[in-house]
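Participant: Supplied structure: coords27.cif, mmCIF, C-alpha atoms and all ligand atoms.
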data_structure
loop_
_atom_site.label_atom_id
_atom_site.label_comp_id
_atom_site.auth_asym_id
_atom_site.auth_seq_id
_atom_site.Cartn_x
_atom_site.Cartn_y
_atom_site.Cartn_z
CA MET I 1 0.00 0.00 0.00
CA GLY I 2 1.73 3.17 -1.21
CA ILE I 3 1.17 6.70 -0.05
CA LEU I 4 0.16 7.81 -3.57
CA GLU I 5 -2.59 6.70 -5.97
CA TRP I 6 -1.55 6.16 -9.57
CA ALA I 7 -3.31 5.98 -12.95
CA THR I 8 -2.36 5.51 -16.58
CA SER I 9 -2.48 8.68 -18.70
CA PRO I 10 -3.93 8.69 -22.27
CA LEU I 11 -0.28 8.49 -23.43
CA GLY I 12 0.21 5.27 -21.51
CA GLN I 13 2.39 6.89 -18.84
CA ARG I 14 1.97 5.89 -15.21
CA VAL I 15 1.26 9.12 -13.30
CA PRO I 16 0.41 9.92 -9.67
CA ILE I 17 -3.10 11.38 -9.33
CA HIS I 18 -3.26 12.23 -5.65
CA ILE I 19 -2.24 11.03 -2.21
CA ALA I 20 -3.74 7.84 -0.78
CA TRP I 21 -6.59 8.97 1.46
CA PHE I 22 -5.63 6.75 4.40
CA LEU I 23 -3.07 9.52 5.09
CA ILE I 24 -6.01 11.54 6.46
CA TRP I 25 -6.28 9.00 9.29
CA VAL I 26 -2.48 8.96 9.76
CA ALA I 27 -2.52 12.75 10.17
CA LEU I 28 -5.48 12.66 12.58
CA ILE I 29 -3.91 9.93 14.70
CA ALA I 30 -0.53 11.71 14.70
CA GLY I 31 -2.19 14.89 15.99
CA LEU I 32 -4.16 13.05 18.68
CA ALA I 33 -1.09 11.00 19.71
CA PHE I 34 0.92 14.20 20.08
CA LEU I 35 -1.64 15.80 22.35
CA ILE I 36 -2.08 12.68 24.51
CA VAL I 37 1.70 12.27 24.99
CA HIS I 38 2.16 15.98 25.65
CA ALA I 39 -0.74 16.15 28.13
CA ILE I 40 0.65 13.14 30.06
CA TYR I 41 4.15 14.66 30.05
CA VAL I 42 2.92 18.01 31.39
CA ARG I 43 0.66 16.35 34.01
CA TYR I 44 3.11 13.83 35.43
CA LEU I 45 6.69 14.58 34.39
CA ALA I 46 7.34 18.23 33.51
CA LYS I 47 8.87 20.47 36.16
CA GLU I 48 7.75 24.03 36.84
CA LYS I 49 9.27 26.42 34.25
CA GLU I 50 12.32 28.24 35.62
CA PHE I 51 13.96 31.30 34.18
CA ALA I 52 17.14 33.21 34.84
CA SER I 53 16.66 36.37 36.93
CA ASP I 54 13.18 36.23 38.33
CA LEU I 55 13.71 39.74 39.70
CA PRO I 56 11.21 42.23 38.28
CA SER I 57 12.75 44.34 35.53
CA PRO I 58 13.21 48.08 36.38
CA ALA I 59 10.81 48.87 33.53
CA ALA I 60 8.13 46.61 35.08
CA VAL I 61 6.93 49.20 37.58
CA GLU I 62 5.90 51.47 34.72
CA LEU I 63 3.89 48.85 32.88
CA PRO I 64 0.13 49.26 32.41
CA ALA I 65 -2.23 46.63 33.90
CA ARG I 66 -3.01 45.26 30.41
CA ILE I 67 -0.18 44.63 27.96
CA PRO I 68 -1.13 45.12 24.28
CA ARG I 69 -0.32 41.96 22.30
CA HIS I 70 -2.31 41.78 19.04
CA SER I 71 -3.67 44.77 17.10
CA LEU I 72 -7.26 44.63 15.81
CA ALA I 73 -5.97 44.07 12.26
CA ALA I 74 -3.80 41.15 13.41
CA ARG I 75 -6.74 39.59 15.29
CA LEU I 76 -9.12 39.98 12.36
CA PHE I 77 -6.52 38.37 10.10
CA HIS I 78 -6.08 35.46 12.51
CA TRP I 79 -9.79 34.64 12.79
CA ILE I 80 -10.54 35.08 9.07
CA MET I 81 -7.59 32.83 8.23
CA ALA I 82 -8.70 30.29 10.86
CA ALA I 83 -12.27 30.21 9.48
CA ALA I 84 -10.94 29.73 5.94
CA MET I 85 -8.61 26.97 7.16
CA PHE I 86 -11.45 25.03 8.84
CA VAL I 87 -13.69 25.35 5.76
CA LEU I 88 -10.80 24.13 3.58
CA LEU I 89 -10.05 21.15 5.83
CA PHE I 90 -13.68 20.05 6.16
CA THR I 91 -14.59 20.57 2.48
CA ALA I 92 -11.44 18.74 1.37
CA PHE I 93 -11.53 15.75 3.67
CA LEU I 94 -15.16 15.01 4.64
CA PRO I 95 -16.00 13.77 1.11
CA LYS I 96 -12.91 11.54 1.20
CA VAL I 97 -14.12 9.79 4.36
CA GLY I 98 -17.61 9.14 3.03
CA ILE I 99 -19.58 12.37 3.69
CA GLN I 100 -20.52 13.36 0.17
CA PHE I 101 -21.54 16.89 -0.82
CA ASN I 102 -20.77 19.37 -3.57
CA TRP I 103 -17.53 20.55 -1.97
CA VAL I 104 -15.37 21.97 -4.78
CA THR I 105 -16.96 25.44 -5.02
CA TYR I 106 -16.92 26.04 -1.23
CA HIS I 107 -13.35 24.78 -1.22
CA TRP I 108 -11.87 27.13 -3.79
CA ILE I 109 -13.82 30.11 -2.43
CA ALA I 110 -12.33 29.44 1.04
CA GLY I 111 -8.99 28.98 -0.76
CA ILE I 112 -9.24 32.51 -2.17
CA VAL I 113 -10.15 33.89 1.26
CA LEU I 114 -7.09 32.15 2.73
CA THR I 115 -4.86 33.42 -0.09
CA VAL I 116 -6.03 37.05 0.25
CA SER I 117 -5.73 36.92 4.07
CA ILE I 118 -2.17 35.57 3.82
CA LEU I 119 -1.20 38.27 1.28
CA PHE I 120 -2.56 40.86 3.71
CA HIS I 121 -0.62 39.23 6.56
CA ILE I 122 2.68 39.31 4.61
CA VAL I 123 2.33 43.05 3.91
CA HIS I 124 1.05 43.83 7.42
CA ALA I 125 3.81 41.83 9.16
CA SER I 126 6.55 43.22 6.90
CA PHE I 127 5.69 46.91 7.20
CA TYR I 128 3.51 47.43 10.29
CA LEU I 129 4.48 44.70 12.80
CA ASP I 130 7.82 43.66 14.24
CA PHE I 131 8.78 41.38 11.32
CA TRP I 132 11.69 39.66 13.11
CA SER I 133 9.73 38.79 16.27
CA ILE I 134 8.52 35.49 14.76
CA TRP I 135 11.89 34.19 13.48
CA PRO I 136 14.29 32.25 15.76
CA ASP I 137 17.30 34.27 16.92
CA ARG I 138 20.59 33.38 18.63
CA SER I 139 19.14 33.79 22.15
CA ASP I 140 16.35 31.30 21.32
CA LEU I 141 18.89 28.70 20.22
CA GLU I 142 21.14 29.26 23.25
CA ASP I 143 18.16 29.00 25.60
CA ALA I 144 16.83 25.90 23.80
CA ARG I 145 20.25 24.26 24.30
CA LYS I 146 20.15 25.12 28.02
CA ARG I 147 16.59 23.84 28.40
CA PHE I 148 17.49 20.59 26.63
CA GLN I 149 20.57 20.04 28.79
CA ARG I 150 18.56 20.63 31.95
CA PHE I 151 15.88 18.25 30.63
CA LEU I 152 18.61 15.60 30.29
CA GLY I 153 19.65 16.29 33.90
CA LYS I 154 22.94 17.94 32.90
CA SER I 155 24.10 21.16 34.49
CA ALA I 156 23.35 24.31 32.52
CA SER I 157 22.49 27.85 33.54
CA LEU I 158 18.82 28.87 33.53
CA PRO I 159 17.37 30.09 30.21
CA ARG I 160 16.11 33.63 29.84
CA LYS I 161 12.44 34.51 29.73
CA PHE I 162 10.90 34.60 26.27
CA ALA I 163 10.70 37.45 23.82
CA LYS I 164 7.20 37.98 22.33
CA TYR I 165 7.13 34.41 20.94
CA PRO I 166 8.86 31.34 22.44
CA LEU I 167 11.00 29.22 20.09
CA GLU I 168 8.27 26.55 19.81
CA ASN I 169 5.80 29.13 18.45
CA LYS I 170 8.40 30.40 15.99
CA LEU I 171 9.11 26.89 14.70
CA TYR I 172 5.38 26.17 14.43
CA HIS I 173 4.89 29.37 12.45
CA GLY I 174 7.71 28.35 10.07
CA VAL I 175 6.22 24.90 9.40
CA VAL I 176 2.64 26.14 9.01
CA MET I 177 3.90 28.89 6.70
CA LEU I 178 5.59 26.34 4.41
CA ALA I 179 2.53 24.04 4.34
CA GLY I 180 0.24 27.05 3.82
CA LEU I 181 2.28 28.45 0.93
CA LEU I 182 2.37 25.01 -0.69
CA VAL I 183 -1.44 24.56 -0.62
CA ILE I 184 -1.89 28.13 -1.87
CA VAL I 185 0.52 27.92 -4.82
CA THR I 186 -0.71 24.47 -5.91
CA GLY I 187 -4.36 25.37 -5.16
CA ILE I 188 -4.21 28.47 -7.40
CA CYS I 189 -2.86 26.32 -10.26
CA MET I 190 -5.54 23.68 -9.60
CA MET I 191 -8.23 26.34 -10.03
CA PHE I 192 -7.52 26.10 -13.77
CA ARG I 193 -8.84 22.51 -13.61
CA VAL I 194 -12.25 23.41 -12.20
CA ARG I 195 -15.09 25.67 -13.36
CA THR I 196 -14.76 28.94 -11.42
CA GLY I 197 -16.65 31.25 -13.78
CA PHE I 198 -13.82 33.79 -13.88
CA LEU I 199 -10.65 31.80 -14.72
CA PRO I 200 -10.30 30.17 -18.15
CA ARG I 201 -10.58 26.41 -17.55
CA ASP I 202 -7.48 24.75 -19.04
CA PRO I 203 -6.78 21.14 -18.05
CA TYR I 204 -3.92 21.09 -20.58
CA LEU I 205 -1.99 23.87 -18.83
CA PHE I 206 0.45 21.27 -17.47
CA SER I 207 1.42 17.73 -18.42
CA ASP I 208 -0.37 14.83 -16.70
CA MET I 209 2.75 14.17 -14.63
CA THR I 210 2.96 17.82 -13.48
CA TRP I 211 -0.77 17.92 -12.64
CA GLY I 212 -0.37 14.68 -10.70
CA MET I 213 2.56 16.06 -8.70
CA MET I 214 0.56 19.24 -8.06
CA TYR I 215 -2.37 17.24 -6.59
CA VAL I 216 0.09 15.14 -4.56
CA LEU I 217 1.84 18.21 -3.08
CA HIS I 218 -1.54 19.85 -2.38
CA GLY I 219 -2.74 16.70 -0.62
CA LEU I 220 0.47 16.16 1.39
CA ALA I 221 0.54 19.75 2.64
CA GLY I 222 -3.23 19.47 3.24
CA VAL I 223 -3.00 16.39 5.49
CA GLY I 224 -0.01 17.99 7.22
CA LEU I 225 -2.33 20.89 8.04
CA ILE I 226 -4.72 18.46 9.77
CA THR I 227 -1.99 17.55 12.28
CA LEU I 228 -0.78 21.15 12.60
CA THR I 229 -4.32 22.42 13.23
CA ILE I 230 -5.01 19.79 15.92
CA VAL I 231 -1.75 20.71 17.69
CA HIS I 232 -2.54 24.43 17.43
CA VAL I 233 -6.09 24.08 18.83
CA TYR I 234 -4.80 21.79 21.60
CA PHE I 235 -2.31 24.41 22.79
CA ALA I 236 -4.92 27.17 22.45
CA ILE I 237 -7.24 25.41 24.91
CA ARG I 238 -4.62 24.20 27.42
CA PRO I 239 -5.41 25.94 30.75
CA GLU I 240 -1.97 27.58 31.11
CA LYS I 241 -2.20 29.00 27.56
CA LEU I 242 -5.71 30.48 27.90
CA PRO I 243 -4.38 34.02 28.62
CA ILE I 244 -2.55 33.86 25.27
CA THR I 245 -5.65 32.60 23.46
CA ALA I 246 -7.78 35.29 25.14
CA SER I 247 -5.30 37.92 23.90
CA MET I 248 -6.14 36.82 20.34
CA ILE I 249 -9.74 37.86 21.11
CA VAL I 250 -9.36 40.94 23.32
CA GLY I 251 -5.91 42.04 22.07
CA SER I 252 -4.11 42.23 25.43
CA MET I 253 -2.84 40.13 28.35
CA SER I 254 -2.35 40.88 32.03
CA ARG I 255 0.88 42.49 33.27
CA GLU I 256 1.35 39.49 35.63
CA PHE I 257 1.27 36.94 32.80
CA TYR I 258 3.59 39.07 30.69
CA LEU I 259 6.14 39.36 33.51
CA LYS I 260 5.89 35.65 34.38
CA GLU I 261 6.86 34.40 30.91
CA HIS I 262 8.35 37.31 29.00
CA ASP I 263 11.48 39.39 29.31
CA PRO I 264 10.56 43.10 28.97
CA SER I 265 13.99 43.76 27.44
CA ARG I 266 13.32 41.14 24.72
CA TRP I 267 9.68 42.05 24.11
CA VAL I 268 9.62 45.79 24.51
CA ILE I 269 6.21 47.37 24.99
CA GLU I 270 5.98 50.51 22.87
CA GLY I 271 6.06 53.83 24.65
CA LEU I 272 7.94 52.57 27.72
CA PRO I 273 11.61 53.23 28.60
CA HIS I 274 13.76 50.38 27.23
CA ARG I 275 16.38 49.01 29.60
CA SER I 276 18.28 46.00 28.32
CA ALA I 277 19.10 43.29 30.90
CA ASP I 278 22.11 41.93 29.03
CA GLY I 279 23.28 45.00 27.20
CA ASP I 280 22.21 43.98 23.67
C1 LIG C 301 -5.99 23.96 4.41
C2 LIG C 301 -5.72 24.13 3.16
C3 LIG C 301 -6.15 23.15 2.08
C4 LIG C 301 -6.41 21.82 2.14
C5 LIG C 301 -6.34 20.92 3.36
C6 LIG C 301 -6.76 21.38 0.82
C7 LIG C 301 -7.04 20.07 0.46
C8 LIG C 301 -7.46 19.66 -0.79
C9 LIG C 301 -7.71 18.30 -1.18
C10 LIG C 301 -7.48 17.08 -0.29
C11 LIG C 301 -8.12 18.31 -2.46
C12 LIG C 301 -8.49 17.10 -3.30
C13 LIG C 301 -7.32 16.81 -4.18
C14 LIG C 301 -7.47 15.54 -4.92
O1 LIG C 301 -8.58 15.12 -5.25
O2 LIG C 301 -6.41 14.98 -5.17
C15 LIG C 301 -8.15 19.66 -2.91
C16 LIG C 301 -8.50 20.09 -4.15
C17 LIG C 301 -8.50 21.40 -4.57
N1 LIG C 301 -8.10 22.51 -3.85
FE1 LIG C 301 -7.46 22.47 -1.94
N2 LIG C 301 -6.75 22.46 -0.02
C18 LIG C 301 -6.37 23.57 0.71
C19 LIG C 301 -6.18 24.85 0.23
C20 LIG C 301 -6.55 25.27 -1.04
C21 LIG C 301 -6.35 26.61 -1.54
C22 LIG C 301 -5.69 27.73 -0.74
C23 LIG C 301 -6.87 26.62 -2.80
C24 LIG C 301 -6.96 27.76 -3.79
C25 LIG C 301 -6.32 28.89 -3.71
C26 LIG C 301 -7.36 25.29 -3.10
C27 LIG C 301 -7.95 24.91 -4.28
C28 LIG C 301 -8.26 23.63 -4.63
C29 LIG C 301 -8.76 23.23 -5.92
C30 LIG C 301 -9.06 24.15 -7.08
C31 LIG C 301 -8.90 21.84 -5.89
C32 LIG C 301 -9.25 20.96 -7.07
C33 LIG C 301 -10.57 20.35 -7.06
C34 LIG C 301 -10.65 19.35 -8.20
O3 LIG C 301 -9.76 19.22 -9.03
O4 LIG C 301 -11.70 18.74 -8.26
N3 LIG C 301 -7.13 24.50 -2.01
N4 LIG C 301 -7.73 20.49 -1.86
#
For the file at hand, write its structure as C-alpha cells.

Facilitator:
Amino acid sequence: MGILEWATSPLGQRVPIHIAWFLIWVALIAGLAFLIVHAIYVRYLAKEKEFASDLPSPAAVELPARIPRHSLAARLFHWIMAAAMFVLLFTAFLPKVGIQFNWVTYHWIAGIVLTVSILFHIVHASFYLDFWSIWPDRSDLEDARKRFQRFLGKSASLPRKFAKYPLENKLYHGVVMLAGLLVIVTGICMMFRVRTGFLPRDPYLFSDMTWGMMYVLHGLAGVGLITLTIVHVYFAIRPEKLPITASMIVGSMSREFYLKEHDPSRWVIEGLPHRSADGD
C-alpha cells in the first residue's frame, strides 16, 4: 500500500493522481497521539518552568495593567484565516471519508479567502508589525540548548524569559507557513482545472505528470495541516495557555502573565523606557 494513488495517462504513462486517502487518518492519529503524549508529560513529568533572573525588571513598575499583544488588524486576520482553514479542511476531507456533498466550489472560495488573508498578513507583518519577532534568533537557540541540557539532567544555567514568541511558536509558524504556501501555490494552479466562472478552464496547462505532482503536493501539505491544526487548537485550549488565546480575542494580556513568561527587554512594549538586561 503506497502513499500515492496512480493511474495511466492517455499516453500510456503511469502518473500519480493524488495522495492515498488513508493519510487523512495517519494525520489525525498523529495529531491526537501528540496531544495525549504531551498532556501526560505536562501532568506527570514536567517540572515548573524556571527562568534566569526572576527579579522584576526596572521597567516593570511602569507597565500598564493590560499589555497590548495583538492589534485589531492582526486579530481579524487570525480569525478570518482560521475560518478559511477550517472550511478548507472540512470541504477537502469530509468527502474523502464518506460524507458526500458538492464541496469543490466552497473549497476554492475558502482557498481565495485564505490566499487574500495571507497576502494581507505578509504586507502587514513586513511593514507594520515587528517582522523579526517570529523568526528564531541566537538567544532562542542558546536557551533551547540550556533547556534541553537541563531536561537531560545535565548542568546548565537557567534560560532567559521569552521574547514575544517562544521558540516553539516560531518553529510552528515556520512549518505552518511552508505548508500554507504550498497549498496556496498548488491550489491556485488547480483552479484552472475546475469551473470557477472567472478563470479560463485549461486542463492542458500542465502535463499529466505535473498535474499529478501538483495534486500530490496539495494533498500532502493538506494532510499535514490536519496535524498542525489539531496541535494548534490543543495548545490554544490548554489551561496555562488560555491568557494567550484570550489575547487573540481581546488584544491584550495581564501584566502578571507578561512578567511571568516574557522578558521586557526582549519584548519591549511601545512607549515605555527600554532598559536591556544583558546590554544587547
Ligand atoms: C488547508 C488548506 C487546504 C487543504 C487541506 C486542501 C485540500 C485539498 C484536497 C485534499 C483536495 C483534493 C485533491 C485531490 O482530489 O487529489 C483539494 C482540491 C483542490 N483545492 Fe485544496 N486544499 C487547501 C487549500 C486550497 C487553496 C488555498 C486553494 C486555492 C487557492 C485550493 C484549491 C483547490 C482546488 C481548485 C482543488 C481541485 C478540485 C478538483 O480538481 O476537483 N485548495 N484540496

Participant: Pick from I:Leu158, I:Val26, I:Ile112, I:Met253: nearest to ligand LIG 301 (chain C), with only C-alpha atoms and all ligand atoms counted?

Facilitator: I:Ile112

Participant: Distance limit 9 Å, reference ligand LIG 301 (chain C), atoms considered: all atoms listed in the file. Which residues make the cut? Give them as a PyMOL selection string.

Facilitator: chain I and resi 17-21+24+84-93+96+103-105+107-115+179-196+212+214-216+218-226

Participant: May I ask which of the residues I:Ile99, I:Val42, I:Arg69, I:Val175 is the closest one to I:Thr227, counting all atoms listed in the file?

Facilitator: I:Val175

Participant: Atom CA of I:Ser126 and atom CA of I:Pro243, how far apart in Å?

Facilitator: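 Between atom CA of I:Pro243 and atom CA of I:Ser126 the gap is 26.0 Å.
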
Participant: So what do you get for atom CA of I:Pro159 versus atom CA of I:Leu63, distance-wise?

Facilitator: 23.3 Å

Participant: Closest to I:Phe162 among I:Trp267, I:Phe235, I:Phe148, I:Trp211, using all atoms listed in the file?

Facilitator: I:Trp267

Participant: Calculate how many Å separate atom CA of I:Leu242 from atom CA of I:Leu45, rounding to one decimal.

Facilitator: 21.2 Å

Participant: At a cut-off of 10 Å, can you tabulate as CSV every residue of stretch 124-225 of chain I near stretch 260-266 of chain I together with its closest atom pair and the distance in Å to one decimal, using all atoms listed in the file and ordering rows by chain then number?

Facilitator:
residue,atom,partner,partner_atom,distance
I:Ser133,CA,I:Arg266,CA,9.5
I:Ser139,CA,I:Arg266,CA,9.7
I:Arg160,CA,I:Asp263,CA,7.4
I:Lys161,CA,I:Asp263,CA,5.0
I:Phe162,CA,I:His262,CA,4.6
I:Ala163,CA,I:Arg266,CA,4.6
I:Lys164,CA,I:His262,CA,6.8
I:Tyr165,CA,I:His262,CA,8.7
I:Pro166,CA,I:His262,CA,8.9

Participant: Taking (-8.4, 4.0, -10.1) in the file's own coordinates, collect the residues within 12 Å, counting all atoms listed in the file, and hand them back as number ranges by chain.

Facilitator: I: 4-9, 14-18, 20

Participant: Quick one: everything within 6 Å of I:Ser252, counting only C-alpha atoms, minus sequence neighbours fewer than 5 positions away in the same chain. Send it as a PyMOL selection string.

Facilitator: chain I and resi 66-69+247
